[in-house]
Amino acid sequence: MSVVSIPIVNKNYPMGCEDGQEGRLVELGKMVDARARQILDKIGPLPESSLLATLCIVLADEIRSRPAPSVTDADLREILARIREIKNKIGQ
């Protein structure tokens with residue numbers, strides 16, 4: 001396990017992750033930092049705990065507001081064809 005220091009609004013937060021996932025964690029941290037800064041730009045200074053709560057609510061709202069991915073009949077036919085290919089390879 002690795003530990004990466006993630007800066008969010010000028011404070012570093014040590015975060016644990018699996019080896020090899022450090023880069024992904026840093027990129028996610030940059031996204032969170034950018035969103036936190038946007039919130040602060042709109043609202044103004046907040047105590048750390050209030051910023052954290054606001055950030056969590058904003059991110060949860062953004063996730064919930066995303067449209068659900070749709071699967072078409074063509075997608076399902078493609079998946080079924082791929083399953084059949086794999087089945088034939090296994091059966092040989």
# chains A, B, ... in the order shown; residues from 1 in each chain; ligands from 1
$ residues_around --residues "A:Leu52" --least-positions-apart "5" --cutoff "12 Å" --atoms "only C-alpha atoms" --output "PyMOL selection string"
chain A and resi 8-9+32-33+35-37+39-40+46-47+57-59
$ write_last_selection --atoms "C-alpha atoms" --output "PDB file, in the first residue's frame"
ATOM      1  CA  ILE A   8      -6.999  20.373  -1.367  1.00  0.00           C
ATOM      2  CA  VAL A   9      -7.315  24.133  -0.898  1.00  0.00           C
ATOM      3  CA  VAL A  32     -11.711  17.633  -5.913  1.00  0.00           C
ATOM      4  CA  ASP A  33      -9.385  20.584  -5.294  1.00  0.00           C
ATOM      5  CA  ARG A  35     -14.316  21.836  -7.355  1.00  0.00           C
ATOM      6  CA  ALA A  36     -13.605  22.988  -3.788  1.00  0.00           C
ATOM      7  CA  ARG A  37     -11.986  26.153  -5.121  1.00  0.00           C
ATOM      8  CA  ILE A  39     -17.270  26.542  -4.307  1.00  0.00           C
ATOM      9  CA  LEU A  40     -15.082  28.912  -2.299  1.00  0.00           C
ATOM     10  CA  LEU A  46     -15.698  28.562   4.935  1.00  0.00           C
ATOM     11  CA  PRO A  47     -14.405  26.555   7.885  1.00  0.00           C
ATOM     12  CA  ILE A  57     -23.267  17.525  -1.113  1.00  0.00           C
ATOM     13  CA  VAL A  58     -22.343  19.296  -4.371  1.00  0.00           C
ATOM     14  CA  LEU A  59     -20.488  16.240  -5.719  1.00  0.00           C
TER      15      LEU A  59
END
$ atom_distance --atom1 "atom CA of A:Tyr13" --atom2 "atom CA of A:Pro45"
19.2 Å
$ closest_residue --among "A:Ile63, A:Ala74, A:Val3, A:Leu55" --to "A:Glu18" --atoms "only C-alpha atoms"
A:Val3
$ atom_distance --atom1 "atom CA of A:Cys56" --atom2 "atom CA of A:Gly23"
22.1 Å
$ closest_residue --among "A:Pro67, A:Gly16, A:Gly91, A:Pro7" --to "A:Gly29" --atoms "only C-alpha atoms"
A:Pro7
$ closest_residue --among "A:Asp75, A:Arg66, A:Arg82, A:Ser2" --to "A:Gly20" --atoms "only C-alpha atoms"
A:Ser2
$ residues_around --residues "A:Cys17" --least-positions-apart "3" --cutoff "10 Å" --atoms "only C-alpha atoms" --output "list in words"
Met1, Ser2, Val3, Val4, Pro14, Gly20, Gln21, Glu22, Arg24 and Leu25 of chain A
$ select_by_dssp --residues "chain A" --states "strand (DSSP E or B)" --output "number ranges by chain"
A: 2-8, 11-17
$ select_by_dssp --residues "chain A" --states "helix (DSSP H, G or I)" --output "NGL selection string"
:A and (22-43 or 48-65 or 73-91)
$ atom_distance --atom1 "atom CA of A:Leu51" --atom2 "atom CA of A:Asn10"
13.0 Å
$ decode --residues "stretch 4-38 of chain A" --atoms "C-alpha atoms" --output "compact mmCIF listing (two decimals), in the first residue's frame"
# COMPACT_ATOMS: atom_id res chain seq x y z
CA VAL A 4 0.01 9.94 -1.41
CA SER A 5 -0.29 13.51 -0.17
CA ILE A 6 -3.29 15.16 -1.83
CA PRO A 7 -3.48 18.97 -1.67
CA ILE A 8 -7.00 20.37 -1.37
CA VAL A 9 -7.31 24.13 -0.90
CA ASN A 10 -3.74 24.55 0.35
CA LYS A 11 -3.88 21.71 2.89
CA ASN A 12 -2.30 18.30 2.33
CA TYR A 13 -4.25 15.14 3.10
CA PRO A 14 -2.36 11.82 3.23
CA MET A 15 -4.38 9.17 1.41
CA GLY A 16 -3.71 5.46 1.19
CA CYS A 17 -4.06 3.56 -2.07
CA GLU A 18 -3.00 0.33 -3.70
CA ASP A 19 0.43 0.29 -5.31
CA GLY A 20 0.19 1.56 -8.86
CA GLN A 21 -2.88 3.71 -8.18
CA GLU A 22 -0.96 6.78 -7.05
CA GLY A 23 -1.38 8.67 -10.34
CA ARG A 24 -5.11 8.06 -10.42
CA LEU A 25 -5.45 9.27 -6.83
CA VAL A 26 -3.48 12.44 -7.61
CA GLU A 27 -5.73 13.16 -10.61
CA LEU A 28 -8.87 12.63 -8.53
CA GLY A 29 -7.42 14.92 -5.88
CA LYS A 30 -6.89 17.62 -8.50
CA MET A 31 -10.54 17.33 -9.53
CA VAL A 32 -11.71 17.63 -5.91
CA ASP A 33 -9.39 20.58 -5.29
CA ALA A 34 -10.68 22.39 -8.38
CA ARG A 35 -14.32 21.84 -7.36
CA ALA A 36 -13.60 22.99 -3.79
CA ARG A 37 -11.99 26.15 -5.12
CA GLN A 38 -15.01 26.82 -7.34
